[in-house]
Each structure stands twice: as C-alpha cells, then as structure tokens.
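Enquirer: Before we start, here is the structure in question, set down as structure tokens.
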Amino acid sequence: MDLKSASAGPVTKLPRPNADPLWYKDAVIYELHPRAFNDSNGDGIGDFPGLLQRLDYVQDLGVTAIWLLPFYPSPLKDGGYDISDYTGINPSYGTLDDFRDFLGEAHRRGLRVITELVINHTSDQHPWFQEARSSRDNPRRNWYVWSDTDDRYRGVRIIFKDTELSNWSWDPISKSYYWHRFFSHQPDLNFDNPAVREEMWKVMQFWADMGVDGFRVDAVPYLVEREGTSCENLPETHEVVKFLRRRLDDKYPDRFLLAEANQWPIDVRPYFGDGDEFHMAFHFPLMPRMFMAVKLEDRKPIIDILQQTPDIPENCQWGIFLRNHDELTLEMVSDEERDYMYDMYAIDAGARLNLGIRRRLAPLMDNDRRRLELMNGMLMSLPGSPVLYYGDEIGMGDNMFLGDRNGVRTPMQWNGAWNAGFSAADPERLYLPLLSNPVYGYQTVNVEAQRRSGHSLLSWMKTLIRVRKSSRAFSRGRIEFVQPRNHRVFAYIRQLGNDRVLVVNNLSRTAQAVELDLKVFEGYIPIEMFGGNPFPRIGPLPYLLTLGPYHFYWFRLRRL
Amino acid sequence: MPRKQPRLGWQVPLAEETFLSDDFVSQLTAVGEVDILVGLPTLNNRDTVQRIVNAIIVGLVKYYPRERSVLINPDGGSKDGTSEAVQAASIPDFRAVLAANPLRTMHVVRAQYAGVRGHNEALRMLFAAADLLGAKACALFSPDLESVTPEWLDALVRPVLKDGHDLVAPVYQRRRFDGLLVKNMLHPLIRAAYGYQVEEPVGREVAFSGRLASYFLGDESRREDFPGLGAYAWMTTAAMAGGYRVCQAYLGPRLAESRRSALDLNTAIQEIGGALFRCMELHQSYWISRQGCEEVPTFGFQPVLDLDPVRIDRRRMYQMFRTGVDQLGSILEKILSSETLQAVAEISKAEERHFSFPDDLWAKTVFEFASSYHHSAINRDHLLQALTPLYRGRVSSFISENARAGAEEVERKLQLLAQEYERLKPYLVERWNRET
C-alpha cells in the first residue's frame, strides 16, 4: 500500500503559529502520549479529543511545544513504535479529523506540535512488509533488508539484549532472514532503496501539510547497514538525513527535525552536519550524569560530559531531558558508572531493564521535593531545549511491575475522583492501571490538588518555566563554568550578548558555602530571578554564597 | 599562617588557639565531608613525591571509586620544589591505567606546617582535618619510598573502612638485618608492656579511623612535641592504651629512596626510643596492669620474597660498644642496676669471636633504661645517648649469631627475644615502680 491508498484522506492545511524560524531553540517541550493523557469517550484509552480538552492545562504550564508519542495504527507491541500505517490515526486515539482539531487548537494557543517519525523500521504487520515477505519477486521485497543467511553484519550489537538473540529473524513465508535492530517484529526498512526514501518524504509531507511543526526521528543511527561496520552512524545514513532535510527546508522552512541518537556527543555531532541535517538532537549522555552528580554530590560527571560536547552549528540545538517514556538509559556510561547508577537508583532488580532503569523522576529522587527542584532547575538552565515528560511536573510515580516500560506510562492523574479524572470507563478497562499507592497514588498526587496550592510542585514548575523563558541566555547563550573549590557546588554563567545569568547549584544533601571567582563581573549586581531581589554587588574578592541542601540560585547579572 | 583567635570575653570563656591557617580551612571547606583522608607530610622530597601521589590517587580511584576522598599534603617548607612536584603530579588519562575514569573529583589539598617542629605539627594538622571533614578512614604515607603501590592504600584503609578497626599498622617485607632497632627494642618492648604483637609499631605508613583521629586531636599528650618520628610511636601506643581496635596489614618491601633519608642511629634512638619511654610514662596506668599479650589481626597477602640482607659493619659496631662501655661507666652506673652493669661490663671484655649480648641481658638493659628515663636518673638526652653503644653491642652480637641463618631462623630468634621481654615484664614493672 502506498500513500494513494492509505487511510489518510485529503489533507487540510491549518494555520500555524508565526514565529522565529529558530523557535525550537527557545522551546520548552512537553512529551506525552495521547493514550495516557485524557480519555474523552470512556473507553479507557486516552485520545485526541481528550487531549484537546486538556490543552489549557498544557498552555498554563508554560511549555511551548508538545511532542506526541506514536499515535499511528499499530499492533502496539512496542508502545506504537511498531507502525502499521504511517498516515493514519490509531482508532483508539480518534480520527484524522480529531487530530486536526487538536493541532488547530494547539496552534491557536501558540503551542507547537512535534510528532514521531519512526523511519528505521515498520511493524511486521505493515502492508509493506506483508507484501515484501509474500514472495521474493514482489516489488516491495527490496524495501526491507533480507539475507539467505544470518551471518551478514556479524558483530553488530544487539540493542534489546533482554529479548533478542540476533539482529536477524527467520521469515518462514519467504524462507529467508530479515534484519531488525530492535524487536523481531520490527523489520528494518532498506534505505539503500530510493523508493523507501521517497516514500518517507511523502509521509513527512502528509503531516507537514497538515501543520505539524517538527518530527522526532526515531533510531537515527541505524538507518543503513554495511558489511564490516557497526552499522551505526554510517556516512550513508547521513546522506538519508540530508536528503530529507533538504526537501523539508525547500518546502517547509520553519519545521524542524529532532534526532534520537543515543550516542556520545562526538558521535552525535555529525548529525547536525553543517546545519543541514538535524536541527536538534537529544543529549543522551548528559542525563544519567545529572543523576550521578546529585548522588555523588560532585559536579565532575556533568562538567566532564559537557566539556566533551563539541560545538554545534548556530542554527542547531541540543534537546535535554531528565526522564522520558523509555528506561533511564545507561548505554552512554562506563561499566563502573552503570554499576554505580544501578546501586544508587535501582537496588530493586525489578527496576532494571535492558541497560537502564525504568523509573520516573519522583521515585528516583525518593520523592524529595528539594532534589526534584534541583534536577528540574538544572534541566531548565543547562544548554539545550528542555523536555518534560508528562506527569513529572506533578511528581507522578511509577509501577515497575507492569512489564516493559509500561510502569512509566500510566494514566495522567488529574484529580482524586473516578479514575483520577482520566477516564469515565470502569477502572478495569483502562489501558494501564492507575497508580493507587498512598505515596504516589492519584488521590495524593494529582493536578487538581496541586493547582490549589501555590507551593505545590506543579505551581513551582510553572514558575520555573516562566523564569526560564524570561531570559534567552538559557536557551541560546553560551555556557562558562565557574569552578569553585567546593566541588559540591556546580556553577556556571549563561550569556547571550549582555544578558548574563549566573546559576549556582548545591548538589549536596547538606548546606554548603562557596566562594565564586566572579572578578570579571566586578561591579555587577546579582538579581535573584525568582524573587527579583538584588544581592550584594560583586567586588574584587571571591563572592561568598551559602546554599541549603539541594538549593540553587539563578541570578541575572546587571551592570547598574 | 596560624593565628590567635581574638578573645571575646565571657561569651567565649574557652577560646582556644587556632592552629589551622585560613587558607587551609578554606581548602577543607571546599572539600567537605569525606570518607577517606590520606596524609602525605613532605619536606624536601621532590624526587619521590610525584610517584607516591600518583600511587595514592590510583589506589583511591581503583579501590574506592565511590568514596569521597582527599589527599592532604602538609609541607614543612621544602626548598627543593616538593610542593610544585605535588601540584604537578597528575594522571592525564586514568583509562590508560585503570581502563576507567574516576567518578568523583580528586581533591589534593596542600598546606604548610612548621617543619622545624617535625611530624608532630603535620600530624596535628591531619588529625584536625580528619576531624573537621568527618573522615571515616585516614591513611598516612611517607614521602620517600620507592616501593609504594596503589595496593598499599587499599591494604591500609580496608580494615578501617570495612572491618571497623581503628589503627592499622604496617607489616613491611624487610631485608634481613633491616629494621633491627624495631625488632630488637621497639617491637618487643611495646609487646611486653602494652600487650599487643604489632610488628612495626612506628611504621610511617599507617591508617586510623576517624574516631581515633578525633581522639588523637583531643588527647592532651599530643600537645607534647614528640620529635621526628617519635610521633608515630605515640600514635600506636595511644591507640593501644585508649582501647582502640588495632590490627596490621601486609604492605610489601619498604625501599626508601635513599639511605641518606634514613636517620642516623643516635637520632633514631633519641627520637623513637625517647618517645616510647615518654609514652610509657603517659600510659603507665594502662600498661603496668596489663596482663598477657595478644596477637592482632593481620590482613593482606604475605610476600615470601627473600631479599638481600642489609650490610652492617659488625666489627665496627662491636668496637663502638666496647669503647662506649669503657667511656660511659660513670653514666651507666646511674642508669643500670649493678648486676646488669656488671654483666654488660663482663661481655664487653670478651673477644670479638666470643662476644654475645644475650636476650635476657638485653631485655633487662632496655627495661632499666626505660625505668631510669621514668625516674629521671640523669638528663634524659644523655640517658638516650648512653643507650646507643649498648644497642650497637646487641646488634653486633645478633648479626654474628645469625650470620648464616635464613630468614625464618632469624624470625624465630626474634620471637624468642620478644618472649624474653614478655617473661621479664614483672622485672620492668618492679624497676618502674621502685622508689628512687
């Protein structure tokens, strides 16, 4: 099936927010799954009409963009990353018209919408694969990667070690092996075939024409395979990206591409190209090091990785995050660091999955409000566009006993009423059970309760985002580390032109004193950004600050 | 520089002298709470110190990657660039050494102490730092060894950190006839008096717990200026007398950078022997009533390498003994009992090939010197000087009798000597308590 016969129907172009073409550099992104956010029809599964009803909440939170996890027709064996129709909407979540309505309302509120582009593989239920496996002569046969033996590309690592033994699986219908870097039900597309590239471009056009603002491109490093290589980050993969970017720029100049490439910064850097590949890429190695730094009470891990992070083109940006829909990945750490992370954050072996930890932010921080604030404070002040995972803004918990990564994908907790206000269905019909324990259960942790308190985590997060957006030094400024003797204090200057922000984080569970060498800012007045209070003018001597446990300061440095 | 704290009148009635410099305190404040503190006092050790710093840091990263640690280098005013060498010591890429990078910041704190006052002052700074930083385990290293490896750090620290011991004394692999002052006098005297079988009671590579560091800091006896290495004898005996858990750990060969760094015999006896006699006074309420002698746990892997013996001019030692006994008769009369003096005089008349300074006579001699020191029979410095020729006699005799003995046989003989000290402890107590 190609797009002419897809379930899409005619595309309606919607008005989109007018903004700077570099809007993504200032974005604060909110990641959610329509399935998990709000159920409008009482079937126990969240949907686009339900999401639309909650857009006021998203807008009020202060984020500027919504990243939607896969909502396409799918057997749902991998959270929707096993797509069986690229231009449809999974009926459980609504229709294309529902999506259009949602998109229009999001844009009316100034919210950008980013969707998933899972191009490395399809579901084995996708009609393309069904055709390809039907016979070796089928025109779609070459859309996937086939082999008569399973010894090609030997030595290429297996990503889902817990479930897969090989990157090849036997297809009993066409009696040959097909290549898959992820689950065996997700055959890899063959990007050496120009027809596949053209088809993917058509998919992008479909959604871009509708008004989608950007695409988060899944599993980028694995698009192309070559014998004798790791089959990751190959030059041919960059050619595919450049091809798609070129087309996108020509026709939709204000849209953006976001790379999911779980690699070291030096290996991710090529995905920015000369500003002609991805606009943004996730900085995966930074995330575990933020957790490590807080546990070690030492800034070293963060500074180490940021110092290893190369400069990127002016029109590019990092995407940074604390938690997302996957496990807290520990692929980009050393064995010692991984052991440390497991021992500190996943003593319960049930929390470990693949090379990671399947937990949400609040449980990882022992529900310690001060640590939650510190982590979010760093997220909002380090270089890059921050991504918030739905529910973390209210400190939602998890349920590691739900299997795979479902424990961090439970329904959004709106209030303490029936099904947490998520759905009118019988609780047994919910796509996943709600959290109900006394600490993280919806009766305790929910939006409604936190809205009523100006001191709730939700209220605090809104303030944090508002203050973050008050200075472009955070989103576009360069970073310079102030390295005081006290290694428990992580301090840096964010600077864009004359807009200068001093950030001072206490990574320790105990109060700390720190002397900052701010001689170059002698005469400036630090103005605390949350309260607007001026602090003593910076003089020639080291600037002394004291910080409570896990406390942080953001100061705007003013020359007055 | 250390300075007096200003008096604030009645509000601070117990104002104490501050002895840590502002800069040192500032550096410690930046480090904060630690699990492991390593002290490396230096004084003109440029040639060896970098390697030792690197061995310590590798040891910390390799064996204690998760623990918070600090290396503190109190320097006594080196003129040879030691401080710069410590500062320059670095491991640019740990992956080449350990195939892993450290998780944490490595802290190296440098400070000055008044070198003329010896190790006492450096140790005082380290005890204060350990107390201030809440260190769980502390280790000390001497700055002039060629043989320190990262494993030494683990061997010393592990019994404290993992097994709750308070003091870890080293066990070195010694060359035959090396460390004879320790083996013929210090070890057996402490063993007999304090009741602990610690092989190297004045080792400079030693570890202790944070609570023992706090005890050392607060112990009034610390305020005495134990000269030079005497402070190490005080640490060991104070821990024993304080009821702290003592153990020892195999380290390996102790190969000093240069024999020049070794003390001459007179100074060694003055510093270490004098300190030990003084400690016996300080701790007399403990050791006089102490019964029996217990082995202490020994951790680590015992090496069996048979090292070349140390060359000692036995004949010269013998001659210096005879001359000493001959010339110091009037002084020895005031120190030794008439029976002991007579026996010493007797053996000094023997021809070299028949010369022997037997174990029981040597043990009595040492006990009588200790008691006379206690009773201040004569000026204490003169007393210690008078001990030197007698010790030379003992060494000459010991080497002569063991010239052809293997390492095991020498060890057996030393055990017999120690047992003789133990057997004669009542004699020590009697001499010690005798009214003068």
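Residues in the structure tokens are named by chain (A, B, ... in the order shown) and by number from 1 within that chain; ligands are numbered from 1 in the order shown.
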Tell me as a PDB file with N, CA and C atoms, in the first residue's frame which residues belonging to chain A come within 9 Å of chain B, counting only C-alpha atoms.

Expert:
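Result written to result.pdb:
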ATOM      1  N   MET A 292      23.829  11.089  38.440  1.00  0.00           N
ATOM      2  CA  MET A 292      25.046  10.641  39.116  1.00  0.00           C
ATOM      3  C   MET A 292      25.625  11.767  39.984  1.00  0.00           C
ATOM      4  N   ALA A 293      25.622  12.965  39.440  1.00  0.00           N
ATOM      5  CA  ALA A 293      26.219  14.104  40.147  1.00  0.00           C
ATOM      6  C   ALA A 293      25.498  14.369  41.465  1.00  0.00           C
ATOM      7  N   LEU A 296      26.497  11.497  43.806  1.00  0.00           N
ATOM      8  CA  LEU A 296      27.904  11.616  44.211  1.00  0.00           C
ATOM      9  C   LEU A 296      28.166  12.911  44.976  1.00  0.00           C
ATOM     10  N   GLU A 297      27.245  13.861  44.838  1.00  0.00           N
ATOM     11  CA  GLU A 297      27.436  15.203  45.388  1.00  0.00           C
ATOM     12  C   GLU A 297      28.720  15.807  44.826  1.00  0.00           C
ATOM     13  N   ASP A 298      28.831  15.740  43.526  1.00  0.00           N
ATOM     14  CA  ASP A 298      30.065  16.163  42.866  1.00  0.00           C
ATOM     15  C   ASP A 298      29.711  16.583  41.439  1.00  0.00           C
ATOM     16  N   ARG A 299      30.179  17.755  41.052  1.00  0.00           N
ATOM     17  CA  ARG A 299      29.827  18.272  39.729  1.00  0.00           C
ATOM     18  C   ARG A 299      30.590  17.599  38.599  1.00  0.00           C
ATOM     19  N   LYS A 300      31.590  16.804  38.953  1.00  0.00           N
ATOM     20  CA  LYS A 300      32.511  16.266  37.956  1.00  0.00           C
ATOM     21  C   LYS A 300      31.824  15.572  36.772  1.00  0.00           C
ATOM     22  N   PRO A 301      30.862  14.664  37.019  1.00  0.00           N
ATOM     23  CA  PRO A 301      30.288  13.961  35.858  1.00  0.00           C
ATOM     24  C   PRO A 301      29.653  14.897  34.841  1.00  0.00           C
ATOM     25  N   SER A 334      30.152   4.393  31.515  1.00  0.00           N
ATOM     26  CA  SER A 334      31.111   3.300  31.650  1.00  0.00           C
ATOM     27  C   SER A 334      30.511   2.195  32.522  1.00  0.00           C
ATOM     28  N   ASP A 335      31.152   1.053  32.535  1.00  0.00           N
ATOM     29  CA  ASP A 335      30.662  -0.053  33.367  1.00  0.00           C
ATOM     30  C   ASP A 335      30.601   0.359  34.837  1.00  0.00           C
ATOM     31  N   GLU A 336      31.640   1.062  35.294  1.00  0.00           N
ATOM     32  CA  GLU A 336      31.664   1.484  36.695  1.00  0.00           C
ATOM     33  C   GLU A 336      30.517   2.445  36.989  1.00  0.00           C
ATOM     34  N   GLU A 337      30.301   3.342  36.053  1.00  0.00           N
ATOM     35  CA  GLU A 337      29.228   4.321  36.256  1.00  0.00           C
ATOM     36  C   GLU A 337      27.869   3.632  36.250  1.00  0.00           C
ATOM     37  N   TYR A 340      27.332   1.913  39.458  1.00  0.00           N
ATOM     38  CA  TYR A 340      27.020   2.911  40.480  1.00  0.00           C
ATOM     39  C   TYR A 340      25.564   3.352  40.374  1.00  0.00           C
ATOM     40  N   PRO A 484      34.395  26.693  41.496  1.00  0.00           N
ATOM     41  CA  PRO A 484      34.871  26.983  42.850  1.00  0.00           C
ATOM     42  C   PRO A 484      35.541  25.763  43.451  1.00  0.00           C
ATOM     43  N   ARG A 485      36.294  25.995  44.532  1.00  0.00           N
ATOM     44  CA  ARG A 485      36.956  24.868  45.189  1.00  0.00           C
ATOM     45  C   ARG A 485      35.952  23.829  45.660  1.00  0.00           C
ATOM     46  N   ASN A 486      34.807  24.279  46.078  1.00  0.00           N
ATOM     47  CA  ASN A 486      33.795  23.359  46.594  1.00  0.00           C
ATOM     48  C   ASN A 486      33.154  22.607  45.424  1.00  0.00           C
ATOM     49  N   HIS A 487      33.526  21.349  45.298  1.00  0.00           N
ATOM     50  CA  HIS A 487      33.076  20.550  44.152  1.00  0.00           C
ATOM     51  C   HIS A 487      31.623  20.130  44.262  1.00  0.00           C
ATOM     52  N   ARG A 488      31.032  20.375  45.430  1.00  0.00           N
ATOM     53  CA  ARG A 488      29.616  20.047  45.577  1.00  0.00           C
ATOM     54  C   ARG A 488      28.739  21.126  44.957  1.00  0.00           C
ATOM     55  N   GLN A 512      25.936  24.167  52.068  1.00  0.00           N
ATOM     56  CA  GLN A 512      27.290  24.406  51.584  1.00  0.00           C
ATOM     57  C   GLN A 512      27.577  25.904  51.508  1.00  0.00           C
ATOM     58  N   ALA A 513      28.840  26.223  51.754  1.00  0.00           N
ATOM     59  CA  ALA A 513      29.326  27.579  51.500  1.00  0.00           C
ATOM     60  C   ALA A 513      30.218  27.512  50.275  1.00  0.00           C
ATOM     61  N   VAL A 514      30.189  28.561  49.481  1.00  0.00           N
ATOM     62  CA  VAL A 514      31.028  28.544  48.276  1.00  0.00           C
ATOM     63  C   VAL A 514      31.532  29.957  48.000  1.00  0.00           C
ATOM     64  N   GLU A 515      32.774  30.007  47.555  1.00  0.00           N
ATOM     65  CA  GLU A 515      33.340  31.287  47.133  1.00  0.00           C
ATOM     66  C   GLU A 515      33.527  31.229  45.627  1.00  0.00           C
TER      67      GLU A 515
END

Enquirer: Please return as a list in words: the residues of range 335-502 of chain A that backbone DSSP assigns to strand (DSSP E or B).

Expert: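 Strand (DSSP E or B) members of range 335-502 of chain A, listed: Arg352, Leu353, Gly356, Ile357, Ser385, Pro386, Val387, Leu388, Tyr389, Arg478, Ile479, Glu480, Phe481, Val482, Val489, Phe490, Ala491, Tyr492, Ile493, Arg494, Gln495, Leu496, Asp499, Arg500, Val501 and Leu502 of chain A.
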
Enquirer: List the neighbours of Arg476 in chain A out to 8 Å using only C-alpha atoms; skip same-chain residues closer than 2 positions along the sequence, and give me the result as a ChimeraX atom specification.

Expert: /A:25-26,383-384,472-474,478,496

Enquirer: With C-alpha atoms retained, export the selected residues as a short mmCIF file (atom, residue, chain, number, x, y, z; two decimals), in the first residue's frame.

Expert:
data_model
loop_
_atom_site.label_atom_id
_atom_site.label_comp_id
_atom_site.auth_asym_id
_atom_site.auth_seq_id
_atom_site.Cartn_x
_atom_site.Cartn_y
_atom_site.Cartn_z
CA LYS A 25 15.97 26.81 20.22
CA ASP A 26 13.72 28.53 22.76
CA PRO A 383 22.39 24.37 27.35
CA GLY A 384 19.60 22.92 25.25
CA ARG A 472 17.18 33.82 26.19
CA ALA A 473 20.58 33.33 27.78
CA PHE A 474 19.20 29.98 28.92
CA ARG A 478 26.90 30.10 25.75
CA LEU A 496 23.82 35.88 25.35
#

Enquirer: Counting only C-alpha atoms, what is within 8 Å of Tyr550 in chain A, bar same-chain residues fewer than 4 positions away, as a PyMOL selection string?

Expert: chain A and resi 370-371+374+505-511

Enquirer: Go ahead and write the selection's residues with C-alpha atoms as a PDB file, in the first residue's frame.

Expert:
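Result file result37.pdb:
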ATOM      1  CA  ARG A 370      14.315  19.696  47.084  1.00  0.00           C
ATOM      2  CA  ARG A 371      16.057  17.221  44.810  1.00  0.00           C
ATOM      3  CA  LEU A 374      17.301  20.963  41.814  1.00  0.00           C
ATOM      4  CA  ASN A 505      23.530  24.605  42.252  1.00  0.00           C
ATOM      5  CA  ASN A 506      24.231  22.810  45.511  1.00  0.00           C
ATOM      6  CA  LEU A 507      24.439  19.128  44.590  1.00  0.00           C
ATOM      7  CA  SER A 508      24.746  18.105  48.215  1.00  0.00           C
ATOM      8  CA  ARG A 509      22.215  16.964  50.744  1.00  0.00           C
ATOM      9  CA  THR A 510      23.831  19.318  53.254  1.00  0.00           C
ATOM     10  CA  ALA A 511      24.243  23.078  53.386  1.00  0.00           C
TER      11      ALA A 511
END

Enquirer: Taking the DSSP assignment computed from this structure's backbone, write out as number ranges by chain all residues of range 131-365 of chain B that belong to helix (DSSP H, G or I).

Expert: B: 131-133, 150-163, 180-194, 210-218, 220-223, 230-241, 259-261, 265-282, 284-287, 314-327, 329-335, 338-348, 352-354, 359-365
